[in-house]
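This report concerns only the one structure given below.
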Amino acid sequence: MKKQFVLTAALSVLACGCGTPSGSLPDEPYEPVAYSLYPAPENAYVGDTMPFVTDDNTLEFYYLYDTDHNGQGYHPIYKYSTKNLYEYKDHGMVLNFGLMSDPDPAIGTGSVMQDKNGLYHLFYTGHNDVGNGGKGKECVMHATSTDRENWTKIPEDTFFSPDNYSKDDFRDPEVFWVDEENCYWLLIAARENTRGGVVAKYTSSDLKNWEFEGPLYAPMAQYMLECPDLFKMGDKYYLTYSWDCVTYYAVGDSMNGPFSAPADNVLDGNNFIFYAAKTAELNGTRYLCGWLGRAGLTDDSGVYQWAGNMLNHQLVLKEDGKLGVRSPETFAEYFTAEKEFKAVKKEGNVKIKGNEITVTAKDSYALADMGTRVPTMILECDVKLDPEGRAGFAFGGSENQSAWTGLCLNAKENLLHYEGTELADLNKYDAEAFTKFDFSAADTHHIRLVCENEIVILYVDDTKALSSRIRRSIDGAHIGVFCDQGSAVFSNITMKIPQK
């Protein structure tokens, strides 16, 4: 009898796939957390950010405060501050919009800086749809402060677009001191009548009187180049700007250009996934600071609306001079507790060995379940993917959410994408919420997946991010790995959560 029992057990193990456990992992309790990594005001949204670093190494974010019920006046400037990008202080409103008779009943993006005498300056966009008596809908406005909490507007410093430029598209001033030229620069998103969207340059010696110097960058490619920012990393200068619901960058050897856009000059996704990003350097590390749009009319559609939660990527300078992004290194101070790794076969050809999962697709997809996705965590692993394969992370499999959807690493199309499509239907639809990624550059790719409530940020090889809101990943949904084309090996899988 004993020998027969041993033989039966061995055959049972073989039938399950070389020792791979099958079945279901139980649902675990799920409670959403307060947003620590990706803050947003209560019942409102973070619009374009204006980052500023103080003398005591605090990163302040002035931002356009947006709601679902904006009136005639809208977008006052509010402020957050942080020293580590995972703990934020909410300072509330610091600058209100004006009256309908003023140039700024609506406020647009700008920048904060400190002059040589220690006075703080906020340059921002005034927007008035009435048109300011024919001067144009948009203008540059100026306010000053001694404490960065209480700001005084200086109406006499307001100025409008130059000749041969659109009077209605003149916004997002970025002001900074330039040692080499012994003057202040002001970069602004403008629209020249023949070149289209440009980054225009002004100079000043006193922050009151500005001399127009012409376009700094005129690619003749987009209607506008919103929220321009200029900075140096290594021995090159980088210019970031936004349009088409996307944040872009261009590169130059000099701060005066010429600037050119790399073939792939997008670091995150489209569709207001990550927009209006400007940069700031804190403790020697430069961050790309923007926002993840709020979800569209339907959940997990890959369609986002203007403004949402603050989202900051850490910039990485690549050996070839291109830029990449990764999760902020400071997150290691936040995610300090190891979460036990568990996995079972759910569908198809799955092999589990320690912290390694191999999924191979034949007639259908293969899926391994790693249990309930905790409200906030960081997952790291290495992925080896077939050159024409498609694999990734899956969410679902719970009592509340039985269907599984796929966050895709798509080597066949060289894309990262998520649109809420169920695993069985991935072949039926084209990618809509995506960013390009060249999988041929390496055999194995390093993944970081950062989750906070429905926000899920995928980083690959410190090169690209794909930011998403995945509502099918919350309320007790499970997280897994899948493959529906070829095979993929997910190795060295670890998950970390905040220490309780």
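Labels for the structure tokens follow display order: chains A, B, ..., residues from 1 in each chain, ligands from 1.
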Set out as a tab-separated table a contact list for range 289-311 of chain A and range 420-428 of chain A with a cut-off of 8 Å, giving each residue of range 289-311 of chain A that qualifies its closest atom pair and distance in Å to one decimal, counting only C-alpha atoms, ordered by chain and rising residue number.
residue	atom	partner	partner_atom	distance
A:Asp299	CA	A:Gly420	CA	7.9
A:Asp300	CA	A:Gly420	CA	4.6
A:Ser301	CA	A:Gly420	CA	5.7
A:Gly302	CA	A:Gly420	CA	7.1
Original post:
Using only C-alpha atoms, which residues sit within 12 Å of Met233 in chain A once same-chain residues fewer than 4 positions away are excluded, as JSON, numbers by chain?
Top reply: {"A": [237, 238, 239, 251, 252, 253, 254, 255, 279, 280, 281, 284, 285, 286, 287, 315, 316, 317, 318, 319, 321, 322, 323, 324]}
Proximity check range 374-426 of chain A to range 331-344 of chain A, 9 Å, nearest pairs one decimal Å, only C-alpha atoms, as a tab-separated table:
residue	atom	partner	partner_atom	distance
A:Thr376	CA	A:Phe335	CA	8.9
A:Met377	CA	A:Phe335	CA	6.9
A:Ile378	CA	A:Phe335	CA	7.0
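The interatomic distance for the pair CA of Ser205 in chain A and CA of Ile154 in chain A works out to 17.2 Å.
Restricting the calculation to only C-alpha atoms, the smallest distance between Ser398 in chain A and any of A:Cys483, A:Ile77, A:Val359, A:Leu25 is found for A:Leu25.
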Subject >> Close residues, Asp484 in chain A itself excluded, 7 Å, only C-alpha atoms, min 6 positions apart in chain, as a ChimeraX atom specification >> reply: /A:361,364-366,390-391
Mind writing the picked residues with C-alpha atoms as an mmCIF file, in the first residue's frame?
data_model
loop_
_atom_site.group_PDB
_atom_site.id
_atom_site.type_symbol
_atom_site.label_atom_id
_atom_site.label_comp_id
_atom_site.auth_asym_id
_atom_site.auth_seq_id
_atom_site.Cartn_x
_atom_site.Cartn_y
_atom_site.Cartn_z
ATOM 1 C CA ALA A 361 1.857 29.963 -25.086
ATOM 2 C CA SER A 364 -3.917 29.797 -25.843
ATOM 3 C CA TYR A 365 -2.323 31.994 -23.205
ATOM 4 C CA ALA A 366 -0.375 30.744 -20.201
ATOM 5 C CA ARG A 390 4.192 38.949 -25.994
ATOM 6 C CA ALA A 391 4.007 38.543 -22.249
#
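Residue nearest Asn164 in chain A within the list A:Trp185, A:Lys232, A:Val140, A:Arg195: A:Arg195 [criterion: smallest interatomic distance, only C-alpha atoms].
Compared by their closest atoms to Leu267 in chain A, and using only C-alpha atoms, the residues A:Asn128, A:Thr67, A:Thr435, A:Asn492 rank with A:Thr435 nearest.
Nearest residue to Pro51 in chain A among A:Lys278, A:Lys83, A:His142, A:Lys236 is A:Lys278, counting only C-alpha atoms.
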**OP:** Measure the distance from CA of Gly136 in chain A to CA of Ala190 in chain A in Å and round it to one decimal.
**Re:** 12.4 Å
**OP:** Find, counting only C-alpha atoms, the residue in A:Ala250, A:Lys500, A:Pro258, A:Tyr241 that gets nearest to Leu216 in chain A.
**Re:** A:Pro258
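Across A:Glu31, A:Glu180, A:Glu388, A:Glu60, the tightest approach to Tyr80 in chain A is made by A:Glu60 when counting only C-alpha atoms.
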Original post:
Quick one: residues within 12 Å of range 450-454 of chain A, only C-alpha atoms counted, chain neighbours fewer than 6 positions away excluded, as a PyMOL selection string?
Top reply: chain A and resi 30-39+86+292+294-295+299-300+309+311+313+326-328+331-332+334-335+373-380+395+460+465-477+479+495-498
**OP:** Please run DSSP on the backbone and report, as number ranges by chain, all residues within range 94-256 of chain A that come out as strand (DSSP E or B).
**Re:** A: 94-95, 106-114, 120-127, 138-145, 152-153, 159, 165-178, 183-192, 196-204, 211-217, 226-233, 236-243, 246-252
**OP:** Can you pull out every residue within 8 Å of Ala431 in chain A, counting only C-alpha atoms, but drop anything in the same chain fewer than 3 positions away, and send it as a PyMOL selection string?
**Re:** chain A and resi 417-419+434
Subject >> Shell around Tyr65 in chain A at 6 Å using only C-alpha atoms, local window under 2 positions removed, as a VMD selection string >> reply: chain A and resid 46 to 47 75 to 77
